[in-house]
>>> print(open('my_file_31.txt').read())   # compact mmCIF, C-alpha atoms
# COMPACT_ATOMS: atom_id res chain seq x y z
CA MET A 1 138.35 175.79 77.47
CA THR A 2 134.81 176.09 76.15
CA SER A 3 131.67 175.28 78.10
CA ILE A 4 127.96 175.33 77.45
CA ASP A 5 125.62 176.36 80.25
CA VAL A 6 122.10 175.27 79.36
CA THR A 7 120.26 176.55 82.44
CA GLY A 8 119.31 179.95 81.10
CA ASN A 9 118.61 179.17 77.46
CA ARG A 10 115.15 177.89 76.62
CA GLU A 11 116.11 176.73 73.13
CA THR A 12 119.17 174.82 74.34
CA SER A 13 117.15 173.33 77.19
CA ARG A 14 114.67 172.04 74.64
CA ARG A 15 117.49 170.53 72.63
CA ILE A 16 118.91 168.56 75.54
CA ARG A 17 115.58 166.79 75.87
CA ASP A 18 116.06 165.45 72.37
CA ASP A 19 117.21 161.83 72.15
CA ASN A 20 120.27 163.02 70.23
CA SER A 21 121.17 165.57 72.90
CA ILE A 22 124.61 164.25 73.66
CA MET A 23 125.69 164.40 70.04
CA LEU A 24 124.12 167.83 69.45
CA ILE A 25 125.67 169.45 72.49
CA ALA A 26 129.04 167.80 72.00
CA ARG A 27 129.12 168.82 68.34
CA GLN A 28 128.27 172.45 69.15
CA ASN A 29 130.90 172.50 71.85
CA ALA A 30 133.55 170.78 69.79
CA THR A 31 133.04 173.27 66.96
CA ALA A 32 133.47 176.21 69.33
CA ALA A 33 136.47 174.60 70.96
CA SER A 34 138.19 173.92 67.67
CA ARG A 35 138.37 177.64 67.00
CA ASP A 36 140.50 178.32 70.06
CA GLY A 37 142.45 175.06 69.95
CA HIS A 38 141.15 173.69 73.27
CA HIS A 39 139.56 170.40 74.25
CA PRO A 40 135.78 170.75 74.77
CA VAL A 41 134.09 170.27 78.12
CA VAL A 42 130.30 170.27 78.24
CA ILE A 43 128.55 171.15 81.47
CA LEU A 44 124.87 170.30 81.89
CA GLU A 45 123.66 172.38 84.82
CA PRO A 46 120.81 170.91 86.92
CA VAL A 47 118.80 172.81 89.49
CA PRO A 48 120.23 171.56 92.83
CA SER A 49 117.84 169.33 94.76
CA GLU A 50 116.44 170.66 98.01
CA SER A 51 116.51 168.80 101.27
CA ARG A 52 113.40 168.20 103.37
CA ASN A 53 113.91 171.44 105.27
CA GLY A 54 114.06 173.41 102.03
CA THR A 55 117.79 174.10 102.00
CA THR A 56 120.10 173.22 99.17
CA SER A 57 122.31 170.20 99.83
CA SER A 58 125.89 171.14 100.60
CA ARG A 59 127.14 167.97 99.00
CA TYR A 60 127.04 169.41 95.49
CA ARG A 61 129.80 171.62 94.18
CA SER A 62 129.08 174.96 92.56
CA PRO A 63 129.27 175.01 88.73
CA MET A 64 132.52 177.01 88.85
CA ARG A 65 134.17 174.55 91.23
CA THR A 66 132.99 171.66 89.05
CA LEU A 67 134.40 173.33 85.94
CA MET A 68 137.71 173.95 87.71
CA GLY A 69 137.83 170.31 88.77
CA ALA A 70 137.12 169.20 85.21
CA ALA A 71 139.90 171.43 83.92
CA ALA A 72 142.35 169.93 86.40
CA ALA A 73 141.26 166.43 85.46
CA LEU A 74 141.67 167.21 81.76
CA ALA A 75 145.15 168.61 82.32
CA ALA A 76 146.12 165.48 84.23
CA LEU A 77 144.70 163.31 81.44
CA VAL A 78 146.68 165.10 78.74
CA ALA A 79 149.87 164.86 80.80
CA THR A 80 149.43 161.11 81.22
CA ALA A 81 147.94 160.25 77.82
CA ALA A 82 150.81 157.88 77.04
CA LEU A 83 150.19 155.79 80.12
CA PRO A 84 147.96 152.70 80.13
CA ALA A 85 144.42 153.26 81.37
CA TYR A 86 144.95 151.64 84.75
CA ALA A 87 147.86 153.99 85.49
CA ARG A 88 146.12 157.28 84.72
CA ALA A 89 144.66 157.81 88.18
CA ALA A 90 147.35 159.21 90.45
CA PRO A 91 147.74 157.14 93.63
CA GLN A 92 146.37 158.78 96.77
CA PRO A 93 147.52 158.17 100.38
CA VAL A 94 145.33 155.49 101.93
CA THR A 95 145.35 153.33 105.01
CA LEU A 96 146.43 149.76 104.30
CA GLY A 97 143.50 147.39 104.58
CA SER A 98 140.95 150.19 104.29
CA ALA A 99 138.17 150.22 101.70
CA ALA A 100 140.16 152.77 99.73
CA HIS A 101 143.21 150.51 99.73
CA LEU A 102 141.15 147.57 98.53
CA ALA A 103 139.65 149.74 95.80
CA ARG A 104 143.02 150.88 94.46
CA ALA A 105 145.24 147.84 94.82
CA ASP A 106 146.47 146.52 91.48
CA PRO A 107 145.00 143.16 90.48
CA PRO A 108 147.41 140.22 90.29
CA SER A 109 148.07 138.52 86.99
CA LEU A 110 145.85 135.48 86.94
CA SER A 111 145.95 134.00 83.47
CA ARG A 112 149.47 132.67 83.37
CA GLY A 113 150.20 128.99 83.51
CA ARG A 114 148.32 125.81 82.67
CA PRO A 115 144.60 125.26 83.18
CA GLY A 116 144.07 124.70 86.87
CA HIS A 117 147.50 126.10 87.63
CA ARG A 118 147.49 127.48 91.17
CA ARG A 119 149.22 130.72 92.00
CA GLU A 120 152.77 130.55 93.21
CA PRO A 121 153.38 130.76 96.96
CA GLY A 122 153.96 134.35 98.04
CA ALA A 123 151.91 135.84 95.16
CA PRO A 124 149.68 138.77 96.20
CA PRO A 125 146.37 137.53 97.61
CA LEU A 126 143.22 138.22 95.66
CA PRO A 127 141.50 141.43 96.77
CA ALA A 128 138.49 141.03 99.00
CA ALA A 129 135.23 140.85 97.09
CA GLY A 130 133.09 143.92 97.59
CA ASN A 131 133.21 146.81 100.01
CA PRO A 132 133.89 145.53 103.55
CA ALA A 133 132.56 148.82 104.94
CA GLY A 134 129.31 148.59 102.99
CA ARG A 135 126.23 148.32 105.19
CA ALA A 136 123.41 148.36 102.66
CA PRO A 137 120.75 145.77 103.52
CA VAL A 138 120.62 142.89 101.04
CA PRO A 139 117.15 141.64 100.08
CA ALA A 140 116.48 137.92 100.13
CA ALA A 141 116.38 137.73 96.33
CA ALA A 142 119.94 139.12 96.14
CA ARG A 143 121.62 136.80 98.64
CA VAL A 144 123.82 133.79 97.91
CA ALA A 145 122.05 130.77 96.53
CA ASP A 146 122.00 127.52 98.48
CA THR A 147 124.41 125.16 96.75
CA SER A 148 124.42 122.39 99.33
CA ARG A 149 122.68 120.07 96.84
CA ALA A 150 124.76 120.51 93.73
CA ALA A 151 123.63 118.88 90.53
CA ARG A 152 127.16 118.95 89.17
CA VAL A 153 130.70 119.24 90.56
CA VAL A 154 133.64 120.43 88.48
CA GLY A 155 136.82 118.58 89.43
CA HIS A 156 137.73 115.59 91.57
CA GLY A 157 139.60 117.20 94.42
CA THR A 158 142.73 118.34 92.55
CA ALA A 159 143.67 121.46 90.63
CA ALA A 160 144.49 119.41 87.53
CA SER A 161 140.98 117.97 87.43
CA CYS A 162 139.40 121.42 87.14
CA THR A 163 139.54 122.07 83.42
CA SER A 164 137.94 124.36 80.90
CA ARG A 165 136.19 121.41 79.30
CA ALA A 166 134.62 120.43 82.61
CA VAL A 167 133.34 123.98 83.19
CA VAL A 168 131.87 124.25 79.69
CA ALA A 169 130.09 120.90 80.05
CA ALA A 170 128.70 121.73 83.49
CA VAL A 171 127.33 125.12 82.40
CA ALA A 172 125.72 123.57 79.31
CA ALA A 173 124.04 120.92 81.49
CA GLY A 174 122.76 123.55 83.95
CA GLY A 175 121.63 123.32 87.56
CA VAL A 176 123.67 124.07 90.67
CA ILE A 177 127.42 123.75 90.00
CA ARG A 178 130.23 123.64 92.55
CA PHE A 179 133.97 123.09 92.25
CA SER A 180 136.25 120.50 93.87
CA CYS A 181 139.75 121.65 92.95
CA GLY A 182 141.69 121.00 96.14
CA PRO A 183 142.38 123.20 99.16
CA ARG A 184 144.23 126.02 97.40
CA PRO A 185 143.09 128.74 94.99
CA VAL A 186 143.11 127.71 91.33
CA VAL A 187 142.94 129.48 87.98
CA ILE A 188 141.08 127.69 85.20
CA ARG A 189 142.17 129.04 81.84
CA MET A 190 139.13 128.79 79.61
CA LYS A 191 139.80 127.31 76.15
CA ALA A 192 136.20 127.98 75.12
CA THR A 193 133.37 130.19 76.35
CA ALA A 194 130.98 128.48 78.76
CA LYS A 195 127.45 128.85 77.34
CA VAL A 196 124.13 128.51 79.14
CA ARG A 197 121.57 126.47 77.25
CA ASN A 198 118.16 128.14 77.15
CA THR A 199 116.51 124.87 78.13
CA SER A 200 118.03 125.24 81.61
CA ARG A 201 115.70 126.66 84.21
CA ARG A 202 118.46 127.65 86.60
CA VAL A 203 122.26 127.81 86.51
CA VAL A 204 124.25 128.58 89.67
CA LEU A 205 128.06 128.73 89.51
CA ASP A 206 129.66 128.74 92.98
CA GLY A 207 133.46 128.95 93.11
CA GLY A 208 133.67 128.70 96.88
CA GLY A 209 135.93 131.76 96.95
CA LYS A 210 138.89 129.83 95.52
CA VAL A 211 138.24 129.56 91.77
CA THR A 212 139.23 132.01 89.04
CA LEU A 213 137.91 131.58 85.52
CA SER A 214 140.31 133.27 83.11
CA GLY A 215 139.63 134.27 79.53
CA ALA A 216 143.41 134.59 79.07
CA GLY A 217 142.84 137.91 77.32
CA VAL A 218 141.41 136.23 74.23
CA ARG A 219 137.82 135.13 74.92
CA ARG A 220 134.59 135.83 76.74
CA ILE A 221 134.18 133.63 79.79
CA LEU A 222 130.41 133.10 80.27
CA TYR A 223 127.50 133.60 77.87
CA MET A 224 123.71 133.47 78.09
CA ASP A 225 121.34 134.71 75.36
CA THR A 226 117.71 133.66 75.16
CA CYS A 227 117.52 135.12 71.64
CA ASP A 228 120.45 133.14 70.27
CA PRO A 229 119.05 130.24 68.22
CA ARG A 230 122.32 128.36 68.66
CA GLN A 231 121.44 127.99 72.35
CA GLU A 232 117.89 126.96 71.34
CA TRP A 233 114.80 129.15 71.32
CA THR A 234 112.41 128.06 74.03
CA THR A 235 109.67 130.72 73.77
CA SER A 236 108.14 133.03 71.18
CA HIS A 237 109.19 136.04 73.27
CA CYS A 238 112.90 135.54 73.80
CA GLN A 239 113.38 139.19 74.78
CA ASP A 240 111.18 138.77 77.88
CA GLN A 241 111.27 135.27 79.30
CA ALA A 242 111.67 134.10 82.87
CA THR A 243 114.43 131.55 82.39
CA PRO A 244 117.28 130.70 82.50
CA GLN A 245 118.10 132.30 85.85
CA LEU A 246 121.86 132.69 86.08
CA THR A 247 123.67 133.21 89.39
CA VAL A 248 127.44 133.53 89.80
CA GLN A 249 128.81 133.64 93.33
CA ASN A 250 132.13 133.34 95.14
CA LEU A 251 133.98 133.41 91.80
CA THR A 252 136.66 135.49 90.12
CA PHE A 253 136.44 136.37 86.42
CA ALA A 254 139.77 137.56 85.03
CA ASP A 255 141.12 138.63 81.65
CA GLY A 256 137.92 138.03 79.72
CA ASN A 257 137.77 139.59 76.27
CA SER A 258 134.73 139.79 73.99
CA ALA A 259 136.32 141.91 71.25
CA HIS A 260 134.75 141.22 67.83
CA GLN A 261 131.96 139.15 69.40
CA LEU A 262 129.18 141.41 68.13
CA PHE A 263 126.09 139.19 68.12
CA ASP A 264 123.30 141.12 69.89
CA GLY A 265 125.51 144.18 70.13
CA GLY A 266 128.64 142.75 71.71
CA GLY A 267 130.22 143.70 75.03
CA GLY A 268 130.47 141.63 78.18
CA GLY A 269 134.10 140.58 78.33
CA ALA A 270 133.47 138.32 81.31
CA ILE A 271 129.69 137.78 81.18
CA PHE A 272 127.13 138.49 78.47
CA ALA A 273 123.56 137.92 79.68
CA ARG A 274 120.45 138.56 77.62
CA GLY A 275 117.05 137.41 78.84
CA GLY A 276 116.06 135.49 81.96
CA ARG A 277 117.67 136.83 85.14
CA LEU A 278 121.21 137.57 86.29
CA LYS A 279 122.58 137.81 89.84
CA VAL A 280 126.21 138.35 90.92
CA VAL A 281 127.26 137.81 94.55
CA ASN A 282 130.66 137.84 96.30
CA SER A 283 132.57 137.86 93.02
CA ARG A 284 135.55 139.65 91.48
CA PHE A 285 136.03 140.94 87.94
CA LEU A 286 139.65 141.77 87.15
CA GLY A 287 141.19 143.08 83.94
CA ASN A 288 138.33 142.25 81.57
CA ARG A 289 137.97 143.81 78.10
CA CYS A 290 135.59 144.32 75.22
CA ASP A 291 135.70 146.29 71.96
CA ALA A 292 137.50 149.62 72.27
CA THR A 293 135.04 151.60 70.15
CA GLY A 294 131.34 151.71 69.40
CA PRO A 295 128.53 154.09 70.42
CA ASP A 296 126.31 151.69 72.40
CA LEU A 297 128.63 148.76 72.94
CA GLY A 298 129.84 148.22 76.50
CA GLY A 299 130.47 146.29 79.67
CA ALA A 300 134.07 145.16 80.07
CA ALA A 301 132.91 142.80 82.82
CA ILE A 302 129.14 142.46 82.34
CA ARG A 303 126.72 143.29 79.55
CA ALA A 304 123.03 142.78 80.41
CA LEU A 305 120.00 143.00 78.14
CA SER A 306 116.29 142.05 78.26
CA GLU A 307 115.94 141.12 81.93
CA TYR A 308 112.61 139.39 82.58
CA ARG A 309 109.76 141.87 83.15
CA GLY A 310 112.24 144.65 83.82
CA LEU A 311 113.41 143.07 87.06
CA PRO A 312 116.86 144.23 88.19
CA VAL A 313 120.27 142.70 87.86
CA TYR A 314 121.62 142.29 91.41
CA VAL A 315 125.31 142.93 92.06
CA VAL A 316 126.20 142.31 95.70
CA HIS A 317 129.53 142.37 97.59
CA SER A 318 131.49 142.28 94.34
CA THR A 319 134.58 144.00 92.94
CA PHE A 320 135.24 145.34 89.44
CA ARG A 321 138.79 146.47 88.75
CA GLY A 322 140.95 147.25 85.73
CA GLY A 323 138.27 146.78 83.06
CA ALA A 324 138.31 148.64 79.74
CA CYS A 325 135.71 148.90 77.01
CA SER A 326 134.29 151.46 74.61
CA ASN A 327 131.59 152.22 77.22
CA GLY A 328 131.08 150.87 80.72
CA GLY A 329 134.48 149.86 82.06
CA ALA A 330 132.70 147.62 84.57
CA VAL A 331 129.05 147.08 83.57
CA SER A 332 126.74 148.14 80.75
CA SER A 333 123.15 147.66 79.67
CA ILE A 334 120.29 148.93 77.53
CA GLY A 335 116.87 149.12 79.17
CA VAL A 336 117.98 147.15 82.23
CA SER A 337 117.62 148.09 85.90
CA TRP A 338 120.45 147.51 88.37
CA ILE A 339 120.75 147.22 92.14
CA VAL A 340 124.42 147.43 93.17
CA LEU A 341 125.06 146.83 96.88
CA ASN A 342 128.23 146.93 99.01
CA SER A 343 130.54 146.68 96.01
CA VAL A 344 133.71 148.30 94.64
CA MET A 345 134.34 149.61 91.13
CA ALA A 346 137.90 150.93 90.71
CA ARG A 347 140.29 151.85 87.89
CA ASN A 348 137.96 150.96 85.05
CA SER A 349 137.93 152.93 81.80
CA ALA A 350 135.57 153.84 78.96
CA VAL A 351 138.06 154.15 76.13
CA GLY A 352 135.94 154.82 73.03
CA TRP A 353 135.56 158.31 71.56
CA GLY A 354 132.81 160.24 69.83
CA ALA A 355 130.04 159.60 72.42
CA ASN A 356 126.57 158.25 71.56
CA PRO A 357 125.25 158.82 68.96
CA ALA A 358 128.71 158.87 67.44
CA ARG A 359 129.85 162.28 66.27
CA GLN A 360 130.77 162.62 62.62
CA ALA A 361 134.07 160.95 61.71
CA THR A 362 134.32 159.13 65.07
CA PRO A 363 133.60 155.49 65.97
CA GLY A 364 131.60 156.50 69.05
CA GLY A 365 131.79 155.56 72.70
CA GLY A 366 133.84 156.64 75.70
CA SER A 367 131.08 157.00 78.30
CA GLY A 368 130.59 155.46 81.73
CA GLY A 369 134.01 154.80 83.24
CA ALA A 370 132.41 152.25 85.55
CA VAL A 371 128.67 152.11 84.73
CA TYR A 372 127.00 152.72 81.37
CA THR A 373 123.21 152.51 81.09
CA ASP A 374 120.86 153.59 78.34
CA GLY A 375 117.23 152.96 77.44
CA ASN A 376 113.83 154.29 78.44
CA GLN A 377 112.08 153.25 81.65
CA TYR A 378 114.62 151.72 84.01
CA SER A 379 116.35 152.50 87.31
CA VAL A 380 119.81 152.23 88.83
CA GLN A 381 120.28 151.98 92.60
CA ILE A 382 123.76 152.06 94.12
CA SER A 383 124.20 151.66 97.87
CA GLY A 384 127.10 150.92 100.22
CA THR A 385 129.46 151.09 97.26
CA VAL A 386 132.82 152.72 96.45
CA ILE A 387 133.33 153.91 92.86
CA SER A 388 136.87 155.27 92.62
CA GLY A 389 139.58 156.09 90.09
CA ASN A 390 137.53 155.32 86.98
CA HIS A 391 137.83 157.37 83.79
CA ALA A 392 135.65 158.19 80.78
CA ARG A 393 137.06 159.55 77.56
CA ALA A 394 133.67 161.14 76.79
CA GLY A 395 131.08 161.45 79.59
CA GLY A 396 130.39 160.11 83.07
CA GLY A 397 133.67 159.08 84.67
CA ALA A 398 131.78 156.99 87.22
CA VAL A 399 128.20 156.65 85.93
CA PHE A 400 126.60 157.40 82.56
CA PHE A 401 122.79 157.33 82.78
CA VAL A 402 120.49 158.24 79.89
CA SER A 403 116.76 157.59 79.88
CA ASN A 404 115.59 158.60 76.41
CA ASP A 405 111.99 159.21 77.49
CA ARG A 406 113.20 160.81 80.76
CA SER A 407 111.34 158.29 82.93
CA GLY A 408 114.43 156.56 84.37
CA THR A 409 115.76 157.21 87.87
CA LEU A 410 119.18 157.11 89.54
CA ARG A 411 119.58 156.71 93.31
CA ILE A 412 122.91 156.66 95.16
CA ALA A 413 122.92 156.03 98.92
CA HIS A 414 125.62 155.54 101.56
CA SER A 415 128.29 155.43 98.86
CA GLU A 416 131.50 157.17 97.81
CA LEU A 417 132.20 158.36 94.27
CA ARG A 418 135.65 159.95 94.08
CA HIS A 419 138.31 160.75 91.47
CA ASN A 420 136.25 159.67 88.44
CA PRO A 421 137.16 162.23 85.73
CA SER A 422 135.32 162.75 82.45
CA ALA A 423 137.34 164.17 79.58
CA GLY A 424 134.22 165.32 77.70
CA PHE A 425 130.92 166.08 79.41
CA PHE A 426 129.23 165.63 82.76
CA THR A 427 126.33 166.95 84.81
CA ALA A 428 127.44 169.92 86.90
CA GLY A 429 126.95 169.47 90.62
CA TYR A 430 127.31 165.69 90.36
CA PRO A 431 131.02 164.89 89.95
CA GLY A 432 131.63 161.76 87.91
CA ILE A 433 128.02 161.47 86.73
CA PHE A 434 126.27 162.24 83.46
CA PHE A 435 122.51 162.08 83.95
CA LEU A 436 119.49 162.52 81.70
CA GLY A 437 116.41 161.10 83.38
CA ARG A 438 113.45 161.98 85.59
CA GLY A 439 114.25 164.97 87.76
CA HIS A 440 117.74 164.76 89.22
CA PRO A 441 119.81 161.94 90.71
CA VAL A 442 118.77 161.20 94.29
CA ILE A 443 121.87 161.35 96.51
CA ILE A 444 121.51 160.17 100.10
CA ASP A 445 124.29 160.23 102.70
CA SER A 446 126.93 159.88 99.98
CA SER A 447 130.04 161.80 98.93
CA LEU A 448 130.78 162.82 95.34
CA SER A 449 134.12 164.41 94.59
>>> encode(input="my_file_31.txt", output="structure tokens")
Amino acid sequence: MTSIDVTGNRETSRRIRDDNSIMLIARQNATAASRDGHHPVVILEPVPSESRNGTTSSRYRSPMRTLMGAAAALAALVATAALPAYARAAPQPVTLGSAAHLARADPPSLSRGRPGHRREPGAPPLPAAGNPAGRAPVPAAARVADTSRAARVVGHGTAASCTSRAVVAAVAAGGVIRFSCGPRPVVIRMKATAKVRNTSRRVVLDGGGKVTLSGAGVRRILYMDTCDPRQEWTTSHCQDQATPQLTVQNLTFADGNSAHQLFDGGGGGAIFARGGRLKVVNSRFLGNRCDATGPDLGGAAIRALSEYRGLPVYVVHSTFRGGACSNGGAVSSIGVSWIVLNSVMARNSAVGWGANPARQATPGGGSGGAVYTDGNQYSVQISGTVISGNHARAGGGAVFFVSNDRSGTLRIAHSELRHNPSAGFFTAGYPGIFFLGRGHPVIIDSSLS
């Protein structure tokens, strides 16, 4: 197994500051590896951060231990290459009902049956949304929206009345939207993607904890793009406008698929959101998909672009499980900041190959098993969150973070990142993370393994 240690080489250190660093390092490593017939592993070695008392944090593994862990992960990957992505992470003993159990439980199949078809009695209950052990404080702007005065209601009190057509019409009309589908959980199989009109100031979708919107494995579920003329241009600066403000809460998004939907870069199997603002609260994303290859395409569940004035996407008390995309098995963005609080991201996969920029003769992708972010000045904050059992075919089994001008920051607090292997490259000392940004990732009261 070949590795590249860039800490003691001034020329190599200069090269990793280049915007094409990932491709350059991976290509050098792959060439060396091809001579001895091994798979390449790239290690980018940071200087360990010091604590306030001047001692090095004991939370970071030594480079040798990290390399050994990567080798073990690679061996496990090769041995299980024939298995589907969700089955590659070996099950670990957990306590039933614990956060770990909730993170690793397999999602139920939700897309079968007629629109509005409720799950059969005795079917496994939906997993709890978010991390029940998460204690990160939630700012007022990130809390559930008040939906007591709904502008629109989908359904008339029965499961059969909650249809795809009703959802599409309500989202197009905008405002606060609730569901009246009867007392039991329902699955609405979407026959068309629900699209936010850019003339809407605010759209709030509240499923009341009982509604699943299913893409049935064939379509994206929810779409907003201020730069899409088909949804009407409303300003001369579509890439930075304040509205629409989209909130989804108490909803489940299952089996969305945005493959071959490449306008504005594609991605976002469940939700694609460009422009305005996006907030996700108390929601579940299960088994969503987007294109399997592409160097900057991503977000099996959510793809976010052009948030107003660089304000963050909020993700609060939400679960992302079983997603697969070229990059970002859960979420993905370019130039967008994120605040992820008290959430769970488990068993998601970045399945592309060739990294970004794409190496010669590859389609590119494979980074960010759970989270893929790229751009210049932006930040990612993760707190009270469990990121477990995700996998990246290239880099960053849990989190891929690249700030091209090295101004971006990554902060992880009161969280657990565990068993998130990268088959290609990662930042030594930070298991599951690939980071190129300002300084080093800030890790507070968190475990990385």
>>> residues_around(input="my_file_31.txt", residues="Cys227 (chain A)", least_positions_apart="6", cutoff="10 Å", atoms="all atoms listed in the file", output="number ranges by chain")
A: 198, 233-241, 264, 274-275, 306
>>> closest_residue(input="my_file_31.txt", among="A:Met190, A:Ala172, A:Met224, A:Ala413", to="Glu307 (chain A)", atoms="all atoms listed in the file")
A:Met224
>>> residues_around(input="my_file_31.txt", residues="region 286-291 of chain A", least_positions_apart="2", cutoff="6 Å", atoms="only C-alpha atoms", output="ChimeraX atom specification")
/A:254-259,267,269,293,300-301,321-326
>>> write_last_selection(input="my_file_31.txt", atoms="C-alpha atoms", output="mmCIF file, keeping the file's coordinate frame")
data_model
loop_
_atom_site.group_PDB
_atom_site.id
_atom_site.type_symbol
_atom_site.label_atom_id
_atom_site.label_comp_id
_atom_site.auth_asym_id
_atom_site.auth_seq_id
_atom_site.Cartn_x
_atom_site.Cartn_y
_atom_site.Cartn_z
ATOM 1 C CA ALA A 254 139.770 137.560 85.030
ATOM 2 C CA ASP A 255 141.120 138.630 81.650
ATOM 3 C CA GLY A 256 137.920 138.030 79.720
ATOM 4 C CA ASN A 257 137.770 139.590 76.270
ATOM 5 C CA SER A 258 134.730 139.790 73.990
ATOM 6 C CA ALA A 259 136.320 141.910 71.250
ATOM 7 C CA GLY A 267 130.220 143.700 75.030
ATOM 8 C CA GLY A 269 134.100 140.580 78.330
ATOM 9 C CA THR A 293 135.040 151.600 70.150
ATOM 10 C CA ALA A 300 134.070 145.160 80.070
ATOM 11 C CA ALA A 301 132.910 142.800 82.820
ATOM 12 C CA ARG A 321 138.790 146.470 88.750
ATOM 13 C CA GLY A 322 140.950 147.250 85.730
ATOM 14 C CA GLY A 323 138.270 146.780 83.060
ATOM 15 C CA ALA A 324 138.310 148.640 79.740
ATOM 16 C CA CYS A 325 135.710 148.900 77.010
ATOM 17 C CA SER A 326 134.290 151.460 74.610
#
>>> atom_distance(input="my_file_31.txt", atom1="CA of Gly266 (chain A)", atom2="CA of Arg220 (chain A)")
10.4 Å
>>> closest_residue(input="my_file_31.txt", among="A:Val204, A:Leu410, A:Ala304, A:Val399", to="Asp146 (chain A)", atoms="all atoms listed in the file")
A:Val204
>>> residues_around(input="my_file_31.txt", residues="Ser383 (chain A)", least_positions_apart="6", cutoff="9 Å", atoms="only C-alpha atoms", output="list in words")
Gly134, Arg135, Ala136, Pro137, Ile339, Val340, Leu341, Asn342, Ser343, Arg411, Ile412, Ala413, His414, Ser415 and Ser446 of chain A
>>> build_atoms(input="my_file_31.txt", residues="region 202-218 of chain A", atoms="N, CA and C atoms", output="PDB file, in the coordinates of the input")
ATOM      1  N   ARG A 202     117.643 126.944  85.614  1.00  0.00           N
ATOM      2  CA  ARG A 202     118.460 127.650  86.600  1.00  0.00           C
ATOM      3  C   ARG A 202     119.904 127.179  86.465  1.00  0.00           C
ATOM      4  N   VAL A 203     120.840 128.137  86.506  1.00  0.00           N
ATOM      5  CA  VAL A 203     122.260 127.810  86.510  1.00  0.00           C
ATOM      6  C   VAL A 203     122.904 128.622  87.631  1.00  0.00           C
ATOM      7  N   VAL A 204     123.547 127.927  88.572  1.00  0.00           N
ATOM      8  CA  VAL A 204     124.250 128.580  89.670  1.00  0.00           C
ATOM      9  C   VAL A 204     125.694 128.102  89.635  1.00  0.00           C
ATOM     10  N   LEU A 205     126.627 129.045  89.486  1.00  0.00           N
ATOM     11  CA  LEU A 205     128.060 128.730  89.510  1.00  0.00           C
ATOM     12  C   LEU A 205     128.635 129.257  90.820  1.00  0.00           C
ATOM     13  N   ASP A 206     129.125 128.358  91.668  1.00  0.00           N
ATOM     14  CA  ASP A 206     129.660 128.740  92.980  1.00  0.00           C
ATOM     15  C   ASP A 206     131.116 128.292  93.070  1.00  0.00           C
ATOM     16  N   GLY A 207     132.040 129.273  93.078  1.00  0.00           N
ATOM     17  CA  GLY A 207     133.460 128.950  93.110  1.00  0.00           C
ATOM     18  C   GLY A 207     134.028 128.759  94.495  1.00  0.00           C
ATOM     19  N   GLY A 208     133.192 128.921  95.524  1.00  0.00           N
ATOM     20  CA  GLY A 208     133.670 128.700  96.880  1.00  0.00           C
ATOM     21  C   GLY A 208     134.757 129.662  97.325  1.00  0.00           C
ATOM     22  N   GLY A 209     134.921 130.771  96.589  1.00  0.00           N
ATOM     23  CA  GLY A 209     135.930 131.760  96.950  1.00  0.00           C
ATOM     24  C   GLY A 209     137.347 131.395  96.562  1.00  0.00           C
ATOM     25  N   LYS A 210     137.538 130.279  95.843  1.00  0.00           N
ATOM     26  CA  LYS A 210     138.890 129.830  95.520  1.00  0.00           C
ATOM     27  C   LYS A 210     139.139 129.644  94.028  1.00  0.00           C
ATOM     28  N   VAL A 211     138.120 129.879  93.196  1.00  0.00           N
ATOM     29  CA  VAL A 211     138.240 129.560  91.770  1.00  0.00           C
ATOM     30  C   VAL A 211     138.230 130.845  90.944  1.00  0.00           C
ATOM     31  N   THR A 212     139.189 130.944  90.037  1.00  0.00           N
ATOM     32  CA  THR A 212     139.230 132.010  89.040  1.00  0.00           C
ATOM     33  C   THR A 212     139.028 131.393  87.665  1.00  0.00           C
ATOM     34  N   LEU A 213     138.080 131.939  86.925  1.00  0.00           N
ATOM     35  CA  LEU A 213     137.910 131.580  85.520  1.00  0.00           C
ATOM     36  C   LEU A 213     138.566 132.672  84.692  1.00  0.00           C
ATOM     37  N   SER A 214     139.538 132.295  83.882  1.00  0.00           N
ATOM     38  CA  SER A 214     140.310 133.270  83.110  1.00  0.00           C
ATOM     39  C   SER A 214     140.021 133.119  81.619  1.00  0.00           C
ATOM     40  N   GLY A 215     139.765 134.263  80.980  1.00  0.00           N
ATOM     41  CA  GLY A 215     139.630 134.270  79.530  1.00  0.00           C
ATOM     42  C   GLY A 215     140.963 134.398  78.820  1.00  0.00           C
ATOM     43  N   ALA A 216     142.042 134.510  79.603  1.00  0.00           N
ATOM     44  CA  ALA A 216     143.410 134.590  79.070  1.00  0.00           C
ATOM     45  C   ALA A 216     143.588 135.749  78.101  1.00  0.00           C
ATOM     46  N   GLY A 217     142.729 136.747  78.186  1.00  0.00           N
ATOM     47  CA  GLY A 217     142.840 137.910  77.320  1.00  0.00           C
ATOM     48  C   GLY A 217     142.360 137.699  75.910  1.00  0.00           C
ATOM     49  N   VAL A 218     141.762 136.531  75.619  1.00  0.00           N
ATOM     50  CA  VAL A 218     141.410 136.230  74.230  1.00  0.00           C
ATOM     51  C   VAL A 218     139.951 135.809  74.039  1.00  0.00           C
TER      52      VAL A 218
END
